[in-house]
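Below is the file input-v1.pdb, which contains PDB, C-alpha atoms.
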ATOM      1  CA  MET A   9      97.103  23.533 179.083
ATOM      2  CA  SER A  10      96.457  26.317 181.547
ATOM      3  CA  GLU A  11     100.218  27.114 181.683
ATOM      4  CA  SER A  12     100.364  27.522 177.886
ATOM      5  CA  LEU A  13      97.331  29.807 177.937
ATOM      6  CA  SER A  14      98.777  31.996 180.679
ATOM      7  CA  ALA A  15     102.107  32.254 178.825
ATOM      8  CA  ALA A  16     100.321  33.312 175.664
ATOM      9  CA  THR A  17      98.302  35.975 177.439
ATOM     10  CA  ALA A  18     101.400  37.259 179.254
ATOM     11  CA  ALA A  19     103.289  37.945 176.003
ATOM     12  CA  PRO A  20     102.823  41.615 175.015
ATOM     13  CA  GLU A  21     103.107  41.022 171.279
ATOM     14  CA  ILE A  22     102.922  38.038 168.911
ATOM     15  CA  ALA A  23     104.285  38.104 165.349
ATOM     16  CA  LEU A  24     101.790  36.788 162.812
ATOM     17  CA  ASN A  25     102.230  36.736 158.997
ATOM     18  CA  GLY A  26     104.754  39.599 159.074
ATOM     19  CA  LEU A  27     102.409  41.773 161.179
ATOM     20  CA  THR A  28     102.561  42.640 164.835
ATOM     21  CA  ARG A  29      99.555  41.954 167.040
ATOM     22  CA  SER A  30      99.293  43.899 170.254
ATOM     23  CA  GLU A  31      97.541  42.845 173.415
ATOM     24  CA  GLY A  32      94.324  44.439 172.287
ATOM     25  CA  GLY A  33      94.267  42.386 169.129
ATOM     26  CA  ASN A  34      94.950  45.288 166.757
ATOM     27  CA  HIS A  35      97.440  44.656 163.969
ATOM     28  CA  VAL A  36     100.122  47.267 163.339
ATOM     29  CA  LEU A  37     102.803  47.529 160.665
ATOM     30  CA  PRO A  38     106.344  46.383 161.512
ATOM     31  CA  PRO A  39     108.874  49.187 162.223
ATOM     32  CA  SER A  40     110.488  48.838 158.776
ATOM     33  CA  SER A  41     107.136  49.449 157.042
ATOM     34  CA  ARG A  42     105.971  52.408 159.085
ATOM     35  CA  PRO A  43     105.926  55.835 157.321
ATOM     36  CA  ARG A  44     108.956  57.956 158.198
ATOM     37  CA  ARG A  45     108.885  61.620 159.026
ATOM     38  CA  LYS A  46     110.591  63.954 156.603
ATOM     39  CA  ASN A  47     114.010  65.194 157.644
ATOM     40  CA  SER A  48     113.014  68.747 158.454
ATOM     41  CA  GLY A  49     116.197  69.364 160.447
ATOM     42  CA  GLY A  50     118.415  69.461 157.339
ATOM     43  CA  ILE A  51     116.066  71.814 155.511
ATOM     44  CA  ARG A  52     115.898  74.098 158.520
ATOM     45  CA  ALA A  53     119.688  74.137 158.893
ATOM     46  CA  GLY A  54     120.137  74.935 155.197
ATOM     47  CA  LEU A  55     117.599  77.750 155.444
ATOM     48  CA  GLU A  56     119.383  79.233 158.461
ATOM     49  CA  VAL A  57     122.750  79.113 156.683
ATOM     50  CA  THR A  58     121.241  80.786 153.623
ATOM     51  CA  LEU A  59     119.611  83.567 155.631
ATOM     52  CA  LEU A  60     122.721  84.261 157.706
ATOM     53  CA  SER A  61     125.308  84.075 154.922
ATOM     54  CA  GLY A  62     123.140  85.547 152.164
ATOM     55  CA  PRO A  63     123.746  89.251 152.961
ATOM     56  CA  ALA A  64     127.502  88.697 153.314
ATOM     57  CA  VAL A  65     127.639  86.845 149.987
ATOM     58  CA  ILE A  66     125.662  89.607 148.266
ATOM     59  CA  ILE A  67     127.950  92.319 149.661
ATOM     60  CA  PHE A  68     131.051  90.318 148.677
ATOM     61  CA  LEU A  69     129.776  89.856 145.133
ATOM     62  CA  ALA A  70     128.730  93.511 144.808
ATOM     63  CA  PHE A  71     131.876  95.124 146.216
ATOM     64  CA  VAL A  72     134.615  92.592 145.351
ATOM     65  CA  ILE A  73     133.779  90.225 142.504
ATOM     66  CA  VAL A  74     131.778  92.638 140.336
ATOM     67  CA  PRO A  75     134.376  95.489 140.542
ATOM     68  CA  VAL A  76     137.146  93.033 139.628
ATOM     69  CA  ILE A  77     135.185  91.862 136.591
ATOM     70  CA  VAL A  78     134.423  95.446 135.537
ATOM     71  CA  ALA A  79     138.080  96.449 135.966
ATOM     72  CA  LEU A  80     139.153  93.424 133.930
ATOM     73  CA  TYR A  81     136.786  94.473 131.147
ATOM     74  CA  TYR A  82     137.942  98.104 130.988
ATOM     75  CA  SER A  83     141.614  97.126 131.273
ATOM     76  CA  PHE A  84     141.530  96.209 127.562
ATOM     77  CA  TYR A  85     140.229  99.653 126.566
ATOM     78  CA  SER A  86     141.421 103.229 126.468
ATOM     79  CA  TRP A  87     138.748 105.084 128.411
ATOM     80  CA  LYS A  88     138.598 108.447 130.183
ATOM     81  CA  GLY A  89     135.471 107.696 132.203
ATOM     82  CA  PHE A  90     133.037 109.020 129.614
ATOM     83  CA  GLY A  91     132.319 108.424 125.978
ATOM     84  CA  THR A  92     132.889 105.212 124.051
ATOM     85  CA  PRO A  93     135.876 103.083 125.172
ATOM     86  CA  ASN A  94     138.430 102.328 122.469
ATOM     87  CA  PRO A  95     139.792  98.758 122.471
ATOM     88  CA  VAL A  96     143.573  98.583 122.837
ATOM     89  CA  GLY A  97     144.081  94.902 123.652
ATOM     90  CA  TRP A  98     147.040  94.197 125.937
ATOM     91  CA  ALA A  99     148.579  97.661 125.506
ATOM     92  CA  ASN A 100     147.673  98.804 129.040
ATOM     93  CA  TYR A 101     149.262  95.723 130.584
ATOM     94  CA  LYS A 102     152.365  96.098 128.441
ATOM     95  CA  TRP A 103     152.691  99.746 129.449
ATOM     96  CA  THR A 104     152.346  98.828 133.127
ATOM     97  CA  LEU A 105     154.805  95.934 133.146
ATOM     98  CA  THR A 106     157.442  97.870 131.187
ATOM     99  CA  ASN A 107     157.193 101.037 133.264
ATOM    100  CA  PRO A 108     160.199 101.465 135.621
ATOM    101  CA  GLN A 109     158.121 103.510 138.056
ATOM    102  CA  PHE A 110     155.770 100.567 138.549
ATOM    103  CA  TRP A 111     158.615  98.255 139.522
ATOM    104  CA  ASP A 112     159.986 100.963 141.814
ATOM    105  CA  ALA A 113     156.586 100.986 143.501
ATOM    106  CA  VAL A 114     156.661  97.182 143.799
ATOM    107  CA  LYS A 115     160.112  97.440 145.403
ATOM    108  CA  HIS A 116     158.891 100.083 147.845
ATOM    109  CA  ASN A 117     155.939  97.868 148.819
ATOM    110  CA  GLY A 118     158.360  95.017 149.448
ATOM    111  CA  ILE A 119     160.557  97.213 151.646
ATOM    112  CA  ILE A 120     157.544  98.464 153.600
ATOM    113  CA  LEU A 121     156.289  94.890 154.029
ATOM    114  CA  VAL A 122     159.581  93.573 155.417
ATOM    115  CA  LEU A 123     160.250  96.586 157.648
ATOM    116  CA  SER A 124     156.707  96.475 159.026
ATOM    117  CA  LEU A 125     157.173  92.874 160.117
ATOM    118  CA  VAL A 126     160.652  93.484 161.508
ATOM    119  CA  MET A 127     159.894  96.739 163.307
ATOM    120  CA  GLN A 128     156.327  96.314 164.512
ATOM    121  CA  GLY A 129     156.324  92.605 165.345
ATOM    122  CA  PRO A 130     159.047  92.355 168.023
ATOM    123  CA  LEU A 131     158.099  95.702 169.560
ATOM    124  CA  ALA A 132     154.409  94.744 169.731
ATOM    125  CA  ILE A 133     155.217  91.370 171.316
ATOM    126  CA  LEU A 134     157.516  92.966 173.907
ATOM    127  CA  LEU A 135     154.981  95.634 174.876
ATOM    128  CA  ALA A 136     152.176  93.066 174.967
ATOM    129  CA  LEU A 137     154.179  90.847 177.344
ATOM    130  CA  LEU A 138     154.786  93.832 179.619
ATOM    131  CA  LEU A 139     151.180  95.031 179.501
ATOM    132  CA  ASN A 140     149.963  91.513 180.222
ATOM    133  CA  GLN A 141     151.426  91.761 183.708
ATOM    134  CA  LYS A 142     149.448  93.181 186.587
ATOM    135  CA  MET A 143     150.453  96.794 187.101
ATOM    136  CA  ARG A 144     148.890 100.070 188.142
ATOM    137  CA  GLY A 145     147.323 102.030 185.282
ATOM    138  CA  ARG A 146     147.475  99.111 182.848
ATOM    139  CA  SER A 147     144.051  99.865 181.355
ATOM    140  CA  ILE A 148     144.941 103.522 180.708
ATOM    141  CA  ILE A 149     148.196 102.518 179.016
ATOM    142  CA  ARG A 150     146.336 100.094 176.758
ATOM    143  CA  VAL A 151     143.912 102.793 175.710
ATOM    144  CA  LEU A 152     146.692 105.287 174.996
ATOM    145  CA  VAL A 153     148.572 102.718 172.914
ATOM    146  CA  PHE A 154     145.464 101.988 170.843
ATOM    147  CA  VAL A 155     144.462 105.618 170.269
ATOM    148  CA  PRO A 156     146.687 106.244 167.176
ATOM    149  CA  TYR A 157     145.097 103.290 165.390
ATOM    150  CA  VAL A 158     141.599 104.770 165.540
ATOM    151  CA  ILE A 159     142.691 108.206 164.275
ATOM    152  CA  SER A 160     141.852 108.811 160.627
ATOM    153  CA  GLU A 161     144.689 108.379 158.135
ATOM    154  CA  ALA A 162     143.840 111.768 156.644
ATOM    155  CA  ILE A 163     144.260 113.490 160.020
ATOM    156  CA  VAL A 164     147.527 111.670 160.687
ATOM    157  CA  GLY A 165     148.822 112.473 157.212
ATOM    158  CA  ILE A 166     148.048 116.190 157.401
ATOM    159  CA  GLY A 167     149.495 116.502 160.907
ATOM    160  CA  MET A 168     152.691 114.653 160.032
ATOM    161  CA  SER A 169     153.198 116.582 156.795
ATOM    162  CA  LEU A 170     152.976 119.877 158.678
ATOM    163  CA  MET A 171     155.368 118.814 161.419
ATOM    164  CA  LEU A 172     157.924 117.052 159.201
ATOM    165  CA  GLN A 173     158.295 119.541 156.365
ATOM    166  CA  ASP A 174     161.604 121.391 156.002
ATOM    167  CA  THR A 175     160.336 124.380 157.977
ATOM    168  CA  GLY A 176     158.155 122.323 160.286
ATOM    169  CA  ALA A 177     158.058 121.868 164.036
ATOM    170  CA  VAL A 178     160.406 118.875 164.154
ATOM    171  CA  ASN A 179     163.295 120.630 162.408
ATOM    172  CA  ASP A 180     162.651 123.740 164.460
ATOM    173  CA  LEU A 181     162.731 121.692 167.675
ATOM    174  CA  LEU A 182     165.922 119.871 166.684
ATOM    175  CA  ASN A 183     167.441 123.022 165.187
ATOM    176  CA  ALA A 184     168.257 120.982 162.086
ATOM    177  CA  HIS A 185     167.499 120.975 158.361
ATOM    178  CA  VAL A 186     166.679 117.344 157.642
ATOM    179  CA  GLY A 187     164.564 116.491 154.598
ATOM    180  CA  TRP A 188     162.230 114.129 156.405
ATOM    181  CA  LEU A 189     159.829 114.070 153.457
ATOM    182  CA  SER A 190     161.995 115.056 150.491
ATOM    183  CA  SER A 191     165.239 113.105 150.911
ATOM    184  CA  PRO A 192     165.077 109.617 149.281
ATOM    185  CA  LYS A 193     167.393 108.221 151.971
ATOM    186  CA  VAL A 194     165.279 109.536 154.830
ATOM    187  CA  ALA A 195     161.707 109.534 153.499
ATOM    188  CA  ILE A 196     161.246 105.737 153.597
ATOM    189  CA  TRP A 197     162.287 105.697 157.270
ATOM    190  CA  THR A 198     159.967 108.607 157.968
ATOM    191  CA  LEU A 199     157.134 106.605 156.435
ATOM    192  CA  MET A 200     158.039 103.547 158.511
ATOM    193  CA  PHE A 201     158.077 105.611 161.702
ATOM    194  CA  ILE A 202     154.602 106.942 160.917
ATOM    195  CA  LEU A 203     153.275 103.477 160.040
ATOM    196  CA  THR A 204     154.733 101.973 163.215
ATOM    197  CA  TRP A 205     153.283 104.730 165.401
ATOM    198  CA  LYS A 206     149.911 104.429 163.654
ATOM    199  CA  TYR A 207     149.394 100.657 163.545
ATOM    200  CA  ILE A 208     151.404  99.166 166.399
ATOM    201  CA  GLY A 209     148.457  99.675 168.756
ATOM    202  CA  PHE A 210     146.417  97.168 166.783
ATOM    203  CA  ALA A 211     149.268  94.648 166.918
ATOM    204  CA  ILE A 212     149.619  95.076 170.686
ATOM    205  CA  ILE A 213     145.901  94.576 171.316
ATOM    206  CA  LEU A 214     145.914  91.493 169.101
ATOM    207  CA  MET A 215     148.919  90.048 170.957
ATOM    208  CA  LEU A 216     147.285  90.798 174.308
ATOM    209  CA  ALA A 217     144.179  88.924 173.213
ATOM    210  CA  GLY A 218     146.337  85.932 172.346
ATOM    211  CA  LEU A 219     148.218  86.084 175.646
ATOM    212  CA  GLN A 220     145.016  86.241 177.670
ATOM    213  CA  GLY A 221     143.881  83.032 175.986
ATOM    214  CA  ILE A 222     146.866  81.141 177.461
ATOM    215  CA  PRO A 223     146.003  79.413 180.778
ATOM    216  CA  GLU A 224     147.755  80.942 183.777
ATOM    217  CA  GLU A 225     148.339  77.469 185.209
ATOM    218  CA  LEU A 226     151.117  76.869 182.694
ATOM    219  CA  SER A 227     153.219  79.837 183.802
ATOM    220  CA  GLU A 228     152.454  79.148 187.475
ATOM    221  CA  ALA A 229     153.606  75.549 187.130
ATOM    222  CA  ALA A 230     156.786  76.662 185.362
ATOM    223  CA  ALA A 231     157.465  79.217 188.109
ATOM    224  CA  VAL A 232     157.054  76.497 190.745
ATOM    225  CA  ASP A 233     159.600  74.387 188.862
ATOM    226  CA  GLY A 234     162.080  77.244 189.087
ATOM    227  CA  ALA A 235     161.746  78.922 185.678
ATOM    228  CA  SER A 236     162.536  82.628 185.543
ATOM    229  CA  TYR A 237     160.220  85.276 184.106
ATOM    230  CA  TRP A 238     161.968  85.458 180.744
ATOM    231  CA  GLN A 239     162.249  81.670 180.511
ATOM    232  CA  ILE A 240     158.476  81.460 180.938
ATOM    233  CA  GLN A 241     157.927  84.063 178.226
ATOM    234  CA  TRP A 242     160.377  82.434 175.808
ATOM    235  CA  HIS A 243     159.511  78.769 176.280
ATOM    236  CA  ILE A 244     155.786  78.964 177.094
ATOM    237  CA  MET A 245     154.179  82.250 176.077
ATOM    238  CA  LEU A 246     155.837  82.805 172.699
ATOM    239  CA  PRO A 247     155.292  79.248 171.354
ATOM    240  CA  LEU A 248     151.603  79.413 172.318
ATOM    241  CA  LEU A 249     151.374  82.894 170.801
ATOM    242  CA  LYS A 250     152.547  81.747 167.347
ATOM    243  CA  PRO A 251     149.030  81.418 165.823
ATOM    244  CA  THR A 252     148.228  85.000 166.835
ATOM    245  CA  ILE A 253     151.564  86.234 165.459
ATOM    246  CA  LYS A 254     150.867  84.514 162.139
ATOM    247  CA  ILE A 255     147.430  86.123 161.862
ATOM    248  CA  TRP A 256     148.867  89.556 162.641
ATOM    249  CA  ALA A 257     151.663  89.038 160.100
ATOM    250  CA  PHE A 258     149.087  88.131 157.446
ATOM    251  CA  LEU A 259     147.073  91.281 158.150
ATOM    252  CA  SER A 260     150.254  93.374 158.132
ATOM    253  CA  ILE A 261     151.324  91.920 154.778
ATOM    254  CA  ILE A 262     147.954  92.668 153.175
ATOM    255  CA  GLY A 263     147.975  96.196 154.607
ATOM    256  CA  SER A 264     151.491  96.816 153.307
ATOM    257  CA  MET A 265     150.483  95.675 149.818
ATOM    258  CA  GLN A 266     147.505  98.059 149.797
ATOM    259  CA  LEU A 267     149.143 101.142 151.354
ATOM    260  CA  PHE A 268     147.951 104.350 149.684
ATOM    261  CA  ASP A 269     146.230 106.940 151.869
ATOM    262  CA  LEU A 270     149.116 108.020 154.100
ATOM    263  CA  VAL A 271     151.513 108.218 151.155
ATOM    264  CA  TYR A 272     149.108 110.290 149.091
ATOM    265  CA  VAL A 273     148.132 112.669 151.910
ATOM    266  CA  ILE A 274     151.695 113.298 153.136
ATOM    267  CA  TRP A 275     153.645 113.353 149.858
ATOM    268  CA  GLY A 276     150.976 114.492 147.415
ATOM    269  CA  GLN A 277     150.491 113.521 143.787
ATOM    270  CA  TYR A 278     154.046 113.854 142.459
ATOM    271  CA  ILE A 279     156.557 114.062 145.326
ATOM    272  CA  ALA A 280     156.259 110.393 146.343
ATOM    273  CA  ASN A 281     158.073 109.221 143.206
ATOM    274  CA  ILE A 282     160.973 111.591 143.847
ATOM    275  CA  ALA A 283     161.151 110.804 147.561
ATOM    276  CA  GLY A 284     161.180 107.044 146.921
ATOM    277  CA  VAL A 285     157.993 106.143 148.836
ATOM    278  CA  SER A 286     155.551 105.480 145.992
ATOM    279  CA  THR A 287     153.477 102.295 146.280
ATOM    280  CA  MET A 288     151.529 100.158 143.820
ATOM    281  CA  ALA A 289     148.205 101.646 144.904
ATOM    282  CA  TYR A 290     149.684 105.155 144.636
ATOM    283  CA  PHE A 291     150.981 104.354 141.131
ATOM    284  CA  MET A 292     147.548 103.061 140.169
ATOM    285  CA  ALA A 293     145.777 106.227 141.356
ATOM    286  CA  GLN A 294     148.362 108.528 139.792
ATOM    287  CA  ASN A 295     148.273 106.900 136.356
ATOM    288  CA  GLY A 296     144.608 106.006 136.437
ATOM    289  CA  ARG A 297     141.984 108.299 137.878
ATOM    290  CA  LEU A 298     144.226 111.324 138.442
ATOM    291  CA  SER A 299     145.548 111.252 134.858
ATOM    292  CA  GLY A 300     142.167 110.525 133.262
ATOM    293  CA  GLN A 301     143.249 107.063 131.994
ATOM    294  CA  LEU A 302     140.715 104.763 133.634
ATOM    295  CA  GLY A 303     141.462 101.881 131.288
ATOM    296  CA  ARG A 304     145.157 102.028 132.164
ATOM    297  CA  GLY A 305     144.302 102.370 135.838
ATOM    298  CA  SER A 306     142.083  99.280 135.583
ATOM    299  CA  ALA A 307     144.982  97.299 134.117
ATOM    300  CA  ILE A 308     147.245  98.421 136.956
ATOM    301  CA  ALA A 309     144.535  97.457 139.451
ATOM    302  CA  ILE A 310     144.310  93.952 137.976
ATOM    303  CA  VAL A 311     148.093  93.526 138.164
ATOM    304  CA  VAL A 312     148.149  94.730 141.782
ATOM    305  CA  PHE A 313     145.230  92.421 142.564
ATOM    306  CA  LEU A 314     147.047  89.409 141.098
ATOM    307  CA  ILE A 315     150.270  90.199 142.981
ATOM    308  CA  SER A 316     148.385  90.554 146.269
ATOM    309  CA  LEU A 317     146.415  87.379 145.570
ATOM    310  CA  VAL A 318     149.570  85.358 144.903
ATOM    311  CA  VAL A 319     151.197  86.640 148.104
ATOM    312  CA  ALA A 320     148.059  85.894 150.159
ATOM    313  CA  ILE A 321     147.640  82.385 148.738
ATOM    314  CA  ALA A 322     151.328  81.586 149.250
ATOM    315  CA  TYR A 323     151.190  82.749 152.872
ATOM    316  CA  GLN A 324     147.983  80.801 153.439
ATOM    317  CA  ARG A 325     149.464  77.663 151.890
ATOM    318  CA  PHE A 326     152.904  77.619 153.472
ATOM    319  CA  ILE A 327     152.420  79.483 156.788
ATOM    320  CA  LEU A 328     148.856  79.420 158.077
ATOM    321  CA  ASN A 329     148.058  75.853 157.007
ATOM    322  CA  ARG A 330     150.854  74.488 159.177
ATOM    323  CA  ASP A 331     148.748  75.187 162.253
ATOM    324  CA  THR A 332     146.090  72.706 161.084
ATOM    325  CA  GLU A 333     148.404  69.898 159.941
ATOM    326  CA  GLY A 334     147.605  66.795 161.925
ATOM    327  CA  ALA A 335     144.531  68.389 163.519
ATOM    328  CA  LEU A 336     142.152  66.646 161.120
ATOM    329  CA  THR A 337     141.996  62.907 160.562
ATOM    330  CA  GLU A 338     141.083  61.165 157.381
ATOM    331  CA  ALA A 339     137.599  59.762 156.961
ATOM    332  CA  GLY A 340     137.242  56.383 158.564
ATOM    333  CA  GLU A 341     140.421  56.713 160.628
ATOM    334  CA  GLU A 342     139.923  56.052 164.335
TER
END
Can you present the structure in this file as structure tokens?
Amino acid sequence: MSESLSAATAAPEIALNGLTRSEGGNHVLPPSSRPRRKNSGGIRAGLEVTLLSGPAVIIFLAFVIVPVIVALYYSFYSWKGFGTPNPVGWANYKWTLTNPQFWDAVKHNGIILVLSLVMQGPLAILLALLLNQKMRGRSIIRVLVFVPYVISEAIVGIGMSLMLQDTGAVNDLLNAHVGWLSSPKVAIWTLMFILTWKYIGFAIILMLAGLQGIPEELSEAAAVDGASYWQIQWHIMLPLLKPTIKIWAFLSIIGSMQLFDLVYVIWGQYIANIAGVSTMAYFMAQNGRLSGQLGRGSAIAIVVFLISLVVAIAYQRFILNRDTEGALTEAGEE
């Protein structure tokens, strides 16, 4: 009898009629019936996301989505920027798509896109590999390489147009009479030289950032195994640099599709068509705002927007997405 009593008093809790009795005799609700605290963590996380992404969403809507909608609206009208717009239906789009100068501009953008990738990419990778090595004055060289990128396009355009004109400093220095800006066979290469000089610094810095993210232990282990310098670069550095190269190529493609300022500053309002360096953005400005046909310019802007969007989506789908294939597992898969 005494053993049963001691065992009962030693037990911390005894279940009785679905309730829990503690040692003090007070009855408390079972864990399943106790009131739960509200999940404040999810609300707080949602509030933080809203506060942090809200300004970016507002800016994106105000400066991207709304202008596209407004341009789409005015593309169906004949409008000079003032007065009442006159509806013209699809006439602006028909004029754009049947204009030979527009397709010349599309061709020029394609040439600039391909040459930018071919000329800037290998050169930027080579210089980045060299600048990634320890050498005296490496920091100064990096700064000097990046300086052209931060110079305004207007300053670069004015300076290049003065030096490369028929009576400019370059022809005077070479004692030649080359039409760097006027000859259709030479002007496109002149533009590519300027673009390469202007934007290769950004590509080099981007490649250097990718190279510095590669662990040094990999190249050291390969060197111990007897690999040469160029074997290390080709078989280790370049494969690991592919994601950075793809990002740079995407940025270069978008920049080539939107090229306007350098062409307009160097070649002016009318010479670009004759010299064979007109671009889609240049064609839009020339036949839109500069000619007082804002409705037609809006139609051209929508066409250029759709072409750029298709190119960006295709690159995203077939190039960039390959880096994430196999990185994510399906739900429930262990």
Picked residues, the PyMOL selection byres ((chain A and resi 292) around 9), expected as a ChimeraX atom specification: /A:110,287-291,293-297,304-309,312
Target residues per the PyMOL selection byres ((chain A and resi 261) around 10), formatted as a PyMOL selection string: chain A and resi 117-118+120-122+124-125+255-260+262-266+316+319-320+323
Each residue of region 163-228 of chain A lying at most 12 Å from region 131-143 of chain A should get a row with its shortest atom-to-atom pair and the distance in Å to one decimal, counting only C-alpha atoms; could you produce that, ordered by chain and increasing number, as CSV?
residue,atom,partner,partner_atom,distance
A:Thr204,CA,A:Leu131,CA,9.5
A:Trp205,CA,A:Ala132,CA,10.9
A:Tyr207,CA,A:Ala132,CA,9.9
A:Ile208,CA,A:Ala132,CA,6.3
A:Gly209,CA,A:Ala132,CA,7.8
A:Phe210,CA,A:Ala132,CA,8.9
A:Ala211,CA,A:Ala132,CA,5.9
A:Ile212,CA,A:Ala132,CA,4.9
A:Ile213,CA,A:Ala136,CA,7.4
A:Leu214,CA,A:Ala136,CA,8.7
A:Met215,CA,A:Ala136,CA,6.0
A:Leu216,CA,A:Ala136,CA,5.4
A:Ala217,CA,A:Ala136,CA,9.2
A:Gly218,CA,A:Ala136,CA,9.6
A:Leu219,CA,A:Asn140,CA,7.3
A:Gln220,CA,A:Asn140,CA,7.7
A:Gly221,CA,A:Asn140,CA,11.3
A:Ile222,CA,A:Asn140,CA,11.2
A:Glu224,CA,A:Asn140,CA,11.4
Result set, the PyMOL selection byres ((chain A and resi 245) around 10) on current file, as an MDAnalysis selection string: chainID A and resid 137 218:219 222:223 226:227 238:244 246:250
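Going from CA of Val164 (chain A) to CA of Val178 (chain A) covers 15.2 Å.
For the pair CA of Leu203 (chain A) and CA of Gly145 (chain A), the separation is 26.0 Å.
In this model, the gap between CA of Ser169 (chain A) and CA of Gly276 (chain A) comes to 9.9 Å.
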